[in-house]
Amino acid sequence: PAPALPVTSPTASLILASTSPYRRELLARLSSKFDVQSPGVDETPHPGETPAGTAQRLALEKALAVAAHHPRALVIGSDQAATIDGVHAIGKPGDHASAREQLRAASGRTMHFYTALATVRTADGFRACALVETRVRFRRLDDDEIERYLQRERPYDVAGSAKAEGLGIVLLEAIEGDDPTALIGLPLIALGRMLRDAGLSPLADPGER
């Protein structure tokens with residue numbers, strides 16, 4: 001289960017601009033002390049925007065929206081987009097029928113996930129951004145195993161309808177990428193680098209921060 005929401009503090013040094021339980025659980029690996037705030041950003045893609053471009057823009061917009069109210073905190077924004085053809089984004093299915101169609105479309109093909117990360121601290125002008133691509137190759141799936149998988153895991157809140165950190169791993173042939181945590185929603189390798197650059201290294205003594 002995801003950890004409970006940290007108590008919001010006006011003097012927090014680290015804020016996650018997301019209410020995603022997956023991102024919250026990942027960030028808890030690096031820090032036990034952070035706040036969570038909803039950025040309240042419109043996530044509608046812009047006309048002509050690529051899925052990767054949408055993810056990058058939204059990650060920064062989310063971080064900036066929260067940082068505007070907490071200038072001394074380092075704010076983390078992240079967004080993820082998935083696509084098969086490189087043009088059309090694959091969103092969260094939301095229901096069983098949509099998830100079934102997503103998995104039918106992914107059968108025997110490669111889905112590309114673009115996970116964007118942005119960190120902002122307005123007090124000193126710190127800003128860093130990264131984009132991590134993960135390629136997920138699906139096995140050829142028949143309708144029976146798609147149905148059995150959906151009944152067991154109900155992955156209606158994840159883009160692509162397959163939870164690689166859960167039973168969805170059996171639907172795949174391979175995962176190719178530089179950071180396994182990026183697929184779940186928050187690339188911790190890139191984030192660790194940003195935290196070090198911002199003076200908030202996860203390995204530092206709390207008194208040194």
# chains A, B, ... in the order shown; residues from 1 in each chain; ligands from 1
$ residues_around --residues "stretch 38-53 of chain A" --least-positions-apart "4" --cutoff "12 Å" --atoms "only C-alpha atoms" --output "JSON, numbers by chain"
{"A": [5, 8, 15, 16, 17, 18, 19, 20, 21, 24, 57, 58, 59, 60, 61, 62, 63, 64, 65, 66, 67, 68, 69, 70, 75, 76, 77, 78, 79, 80, 81, 82, 83, 84, 85, 86, 87, 88, 89, 90, 91, 112, 113, 114, 115, 116, 117, 130, 131, 132, 133, 134]}
$ select_by_dssp --residues "stretch 85-178 of chain A" --states "strand (DSSP E)" --output "PyMOL selection string"
chain A and resi 89-90+110-121+126-138+172-177
$ atom_distance --atom1 "atom CA of A:Gly108" --atom2 "atom CA of A:Ala182"
22.1 Å
$ closest_residue --among "A:Leu191, A:Leu103, A:Gly168, A:Asp197" --to "A:Ser31" --atoms "only C-alpha atoms"
A:Leu191
$ residues_around --residues "A:Ala105" --least-positions-apart "5" --cutoff "12 Å" --atoms "only C-alpha atoms" --output "list in words"
Thr83, Ile84, Asp85, Ile90, Ser98, Ala99, Arg100, Thr110, Met111, Phe138, Arg139, Arg140, Leu141, Asp142, Asp143, Ile146, Gly160 and Ser161 of chain A
$ select_by_dssp --residues "stretch 41-165 of chain A" --states "alpha helix (DSSP H)" --output "PyMOL selection string"
chain A and resi 51-67+96-106+143-153
$ closest_residue --among "A:Gly125, A:Leu200, A:Leu26, A:Arg154" --to "A:Thr181" --atoms "only C-alpha atoms"
A:Leu26
$ closest_residue --among "A:Ala190, A:Ile175, A:Ala162, A:Leu150" --to "A:Ala106" --atoms "only C-alpha atoms"
A:Ala162
$ atom_distance --atom1 "atom CA of A:Ala118" --atom2 "atom CA of A:Pro93"
25.4 Å
$ decode --residues "stretch 108-131 of chain A" --atoms "N, CA, C and O atoms" --output "PDB file, in the first residue's frame"
ATOM      1  N   GLY A 108       1.596  -7.847 -29.543  1.00  0.00           N
ATOM      2  CA  GLY A 108       2.652  -8.051 -30.521  1.00  0.00           C
ATOM      3  C   GLY A 108       3.378  -6.790 -30.946  1.00  0.00           C
ATOM      4  O   GLY A 108       4.174  -6.823 -31.886  1.00  0.00           O
ATOM      5  N   ARG A 109       3.139  -5.678 -30.261  1.00  0.00           N
ATOM      6  CA  ARG A 109       3.743  -4.404 -30.660  1.00  0.00           C
ATOM      7  C   ARG A 109       4.540  -3.795 -29.504  1.00  0.00           C
ATOM      8  O   ARG A 109       4.538  -4.310 -28.388  1.00  0.00           O
ATOM      9  N   THR A 110       5.211  -2.691 -29.791  1.00  0.00           N
ATOM     10  CA  THR A 110       6.003  -1.984 -28.780  1.00  0.00           C
ATOM     11  C   THR A 110       5.328  -0.682 -28.410  1.00  0.00           C
ATOM     12  O   THR A 110       4.995   0.131 -29.282  1.00  0.00           O
ATOM     13  N   MET A 111       5.118  -0.495 -27.137  1.00  0.00           N
ATOM     14  CA  MET A 111       4.548   0.744 -26.619  1.00  0.00           C
ATOM     15  C   MET A 111       5.687   1.586 -26.051  1.00  0.00           C
ATOM     16  O   MET A 111       6.547   1.071 -25.336  1.00  0.00           O
ATOM     17  N   HIS A 112       5.693   2.858 -26.397  1.00  0.00           N
ATOM     18  CA  HIS A 112       6.724   3.771 -25.901  1.00  0.00           C
ATOM     19  C   HIS A 112       6.133   4.644 -24.794  1.00  0.00           C
ATOM     20  O   HIS A 112       5.100   5.292 -24.997  1.00  0.00           O
ATOM     21  N   PHE A 113       6.802   4.647 -23.660  1.00  0.00           N
ATOM     22  CA  PHE A 113       6.384   5.485 -22.535  1.00  0.00           C
ATOM     23  C   PHE A 113       7.394   6.615 -22.377  1.00  0.00           C
ATOM     24  O   PHE A 113       8.600   6.387 -22.323  1.00  0.00           O
ATOM     25  N   TYR A 114       6.895   7.844 -22.297  1.00  0.00           N
ATOM     26  CA  TYR A 114       7.741   9.012 -22.080  1.00  0.00           C
ATOM     27  C   TYR A 114       7.407   9.584 -20.711  1.00  0.00           C
ATOM     28  O   TYR A 114       6.305  10.077 -20.481  1.00  0.00           O
ATOM     29  N   THR A 115       8.369   9.505 -19.806  1.00  0.00           N
ATOM     30  CA  THR A 115       8.168  10.002 -18.451  1.00  0.00           C
ATOM     31  C   THR A 115       9.002  11.262 -18.269  1.00  0.00           C
ATOM     32  O   THR A 115      10.241  11.211 -18.334  1.00  0.00           O
ATOM     33  N   ALA A 116       8.330  12.380 -18.087  1.00  0.00           N
ATOM     34  CA  ALA A 116       9.007  13.665 -17.947  1.00  0.00           C
ATOM     35  C   ALA A 116       9.100  14.050 -16.473  1.00  0.00           C
ATOM     36  O   ALA A 116       8.196  13.763 -15.683  1.00  0.00           O
ATOM     37  N   LEU A 117      10.197  14.696 -16.130  1.00  0.00           N
ATOM     38  CA  LEU A 117      10.463  15.105 -14.751  1.00  0.00           C
ATOM     39  C   LEU A 117      10.958  16.541 -14.758  1.00  0.00           C
ATOM     40  O   LEU A 117      11.772  16.923 -15.598  1.00  0.00           O
ATOM     41  N   ALA A 118      10.452  17.344 -13.818  1.00  0.00           N
ATOM     42  CA  ALA A 118      10.915  18.723 -13.667  1.00  0.00           C
ATOM     43  C   ALA A 118      11.021  19.050 -12.184  1.00  0.00           C
ATOM     44  O   ALA A 118      10.144  18.667 -11.397  1.00  0.00           O
ATOM     45  N   THR A 119      12.076  19.726 -11.810  1.00  0.00           N
ATOM     46  CA  THR A 119      12.225  20.205 -10.431  1.00  0.00           C
ATOM     47  C   THR A 119      12.472  21.704 -10.481  1.00  0.00           C
ATOM     48  O   THR A 119      13.263  22.184 -11.292  1.00  0.00           O
ATOM     49  N   VAL A 120      11.794  22.423  -9.592  1.00  0.00           N
ATOM     50  CA  VAL A 120      11.844  23.878  -9.598  1.00  0.00           C
ATOM     51  C   VAL A 120      11.952  24.393  -8.171  1.00  0.00           C
ATOM     52  O   VAL A 120      11.253  23.902  -7.271  1.00  0.00           O
ATOM     53  N   ARG A 121      12.831  25.385  -7.973  1.00  0.00           N
ATOM     54  CA  ARG A 121      12.870  26.121  -6.702  1.00  0.00           C
ATOM     55  C   ARG A 121      13.021  27.595  -7.066  1.00  0.00           C
ATOM     56  O   ARG A 121      14.095  28.031  -7.499  1.00  0.00           O
ATOM     57  N   THR A 122      11.975  28.340  -6.911  1.00  0.00           N
ATOM     58  CA  THR A 122      11.968  29.704  -7.421  1.00  0.00           C
ATOM     59  C   THR A 122      12.844  30.656  -6.615  1.00  0.00           C
ATOM     60  O   THR A 122      13.316  31.663  -7.146  1.00  0.00           O
ATOM     61  N   ALA A 123      13.079  30.351  -5.343  1.00  0.00           N
ATOM     62  CA  ALA A 123      13.859  31.265  -4.496  1.00  0.00           C
ATOM     63  C   ALA A 123      15.254  31.505  -5.043  1.00  0.00           C
ATOM     64  O   ALA A 123      15.779  32.621  -4.969  1.00  0.00           O
ATOM     65  N   ASP A 124      15.892  30.483  -5.586  1.00  0.00           N
ATOM     66  CA  ASP A 124      17.247  30.645  -6.116  1.00  0.00           C
ATOM     67  C   ASP A 124      17.338  30.370  -7.623  1.00  0.00           C
ATOM     68  O   ASP A 124      18.424  30.305  -8.185  1.00  0.00           O
ATOM     69  N   GLY A 125      16.166  30.203  -8.258  1.00  0.00           N
ATOM     70  CA  GLY A 125      16.170  30.003  -9.701  1.00  0.00           C
ATOM     71  C   GLY A 125      16.550  28.612 -10.152  1.00  0.00           C
ATOM     72  O   GLY A 125      16.788  28.391 -11.344  1.00  0.00           O
ATOM     73  N   PHE A 126      16.573  27.644  -9.231  1.00  0.00           N
ATOM     74  CA  PHE A 126      16.954  26.283  -9.627  1.00  0.00           C
ATOM     75  C   PHE A 126      15.854  25.671 -10.503  1.00  0.00           C
ATOM     76  O   PHE A 126      14.673  25.745 -10.182  1.00  0.00           O
ATOM     77  N   ARG A 127      16.279  25.070 -11.610  1.00  0.00           N
ATOM     78  CA  ARG A 127      15.344  24.379 -12.489  1.00  0.00           C
ATOM     79  C   ARG A 127      16.098  23.277 -13.239  1.00  0.00           C
ATOM     80  O   ARG A 127      17.168  23.513 -13.775  1.00  0.00           O
ATOM     81  N   ALA A 128      15.514  22.092 -13.260  1.00  0.00           N
ATOM     82  CA  ALA A 128      16.110  20.977 -13.995  1.00  0.00           C
ATOM     83  C   ALA A 128      14.995  20.137 -14.594  1.00  0.00           C
ATOM     84  O   ALA A 128      13.939  19.959 -13.974  1.00  0.00           O
ATOM     85  N   CYS A 129      15.223  19.625 -15.803  1.00  0.00           N
ATOM     86  CA  CYS A 129      14.214  18.829 -16.495  1.00  0.00           C
ATOM     87  C   CYS A 129      14.856  17.607 -17.136  1.00  0.00           C
ATOM     88  O   CYS A 129      16.046  17.631 -17.484  1.00  0.00           O
ATOM     89  N   ALA A 130      14.076  16.550 -17.285  1.00  0.00           N
ATOM     90  CA  ALA A 130      14.572  15.334 -17.926  1.00  0.00           C
ATOM     91  C   ALA A 130      13.396  14.609 -18.571  1.00  0.00           C
ATOM     92  O   ALA A 130      12.251  14.750 -18.144  1.00  0.00           O
ATOM     93  N   LEU A 131      13.711  13.831 -19.599  1.00  0.00           N
ATOM     94  CA  LEU A 131      12.717  12.990 -20.259  1.00  0.00           C
ATOM     95  C   LEU A 131      13.318  11.599 -20.400  1.00  0.00           C
ATOM     96  O   LEU A 131      14.402  11.435 -20.963  1.00  0.00           O
TER      97      LEU A 131
END
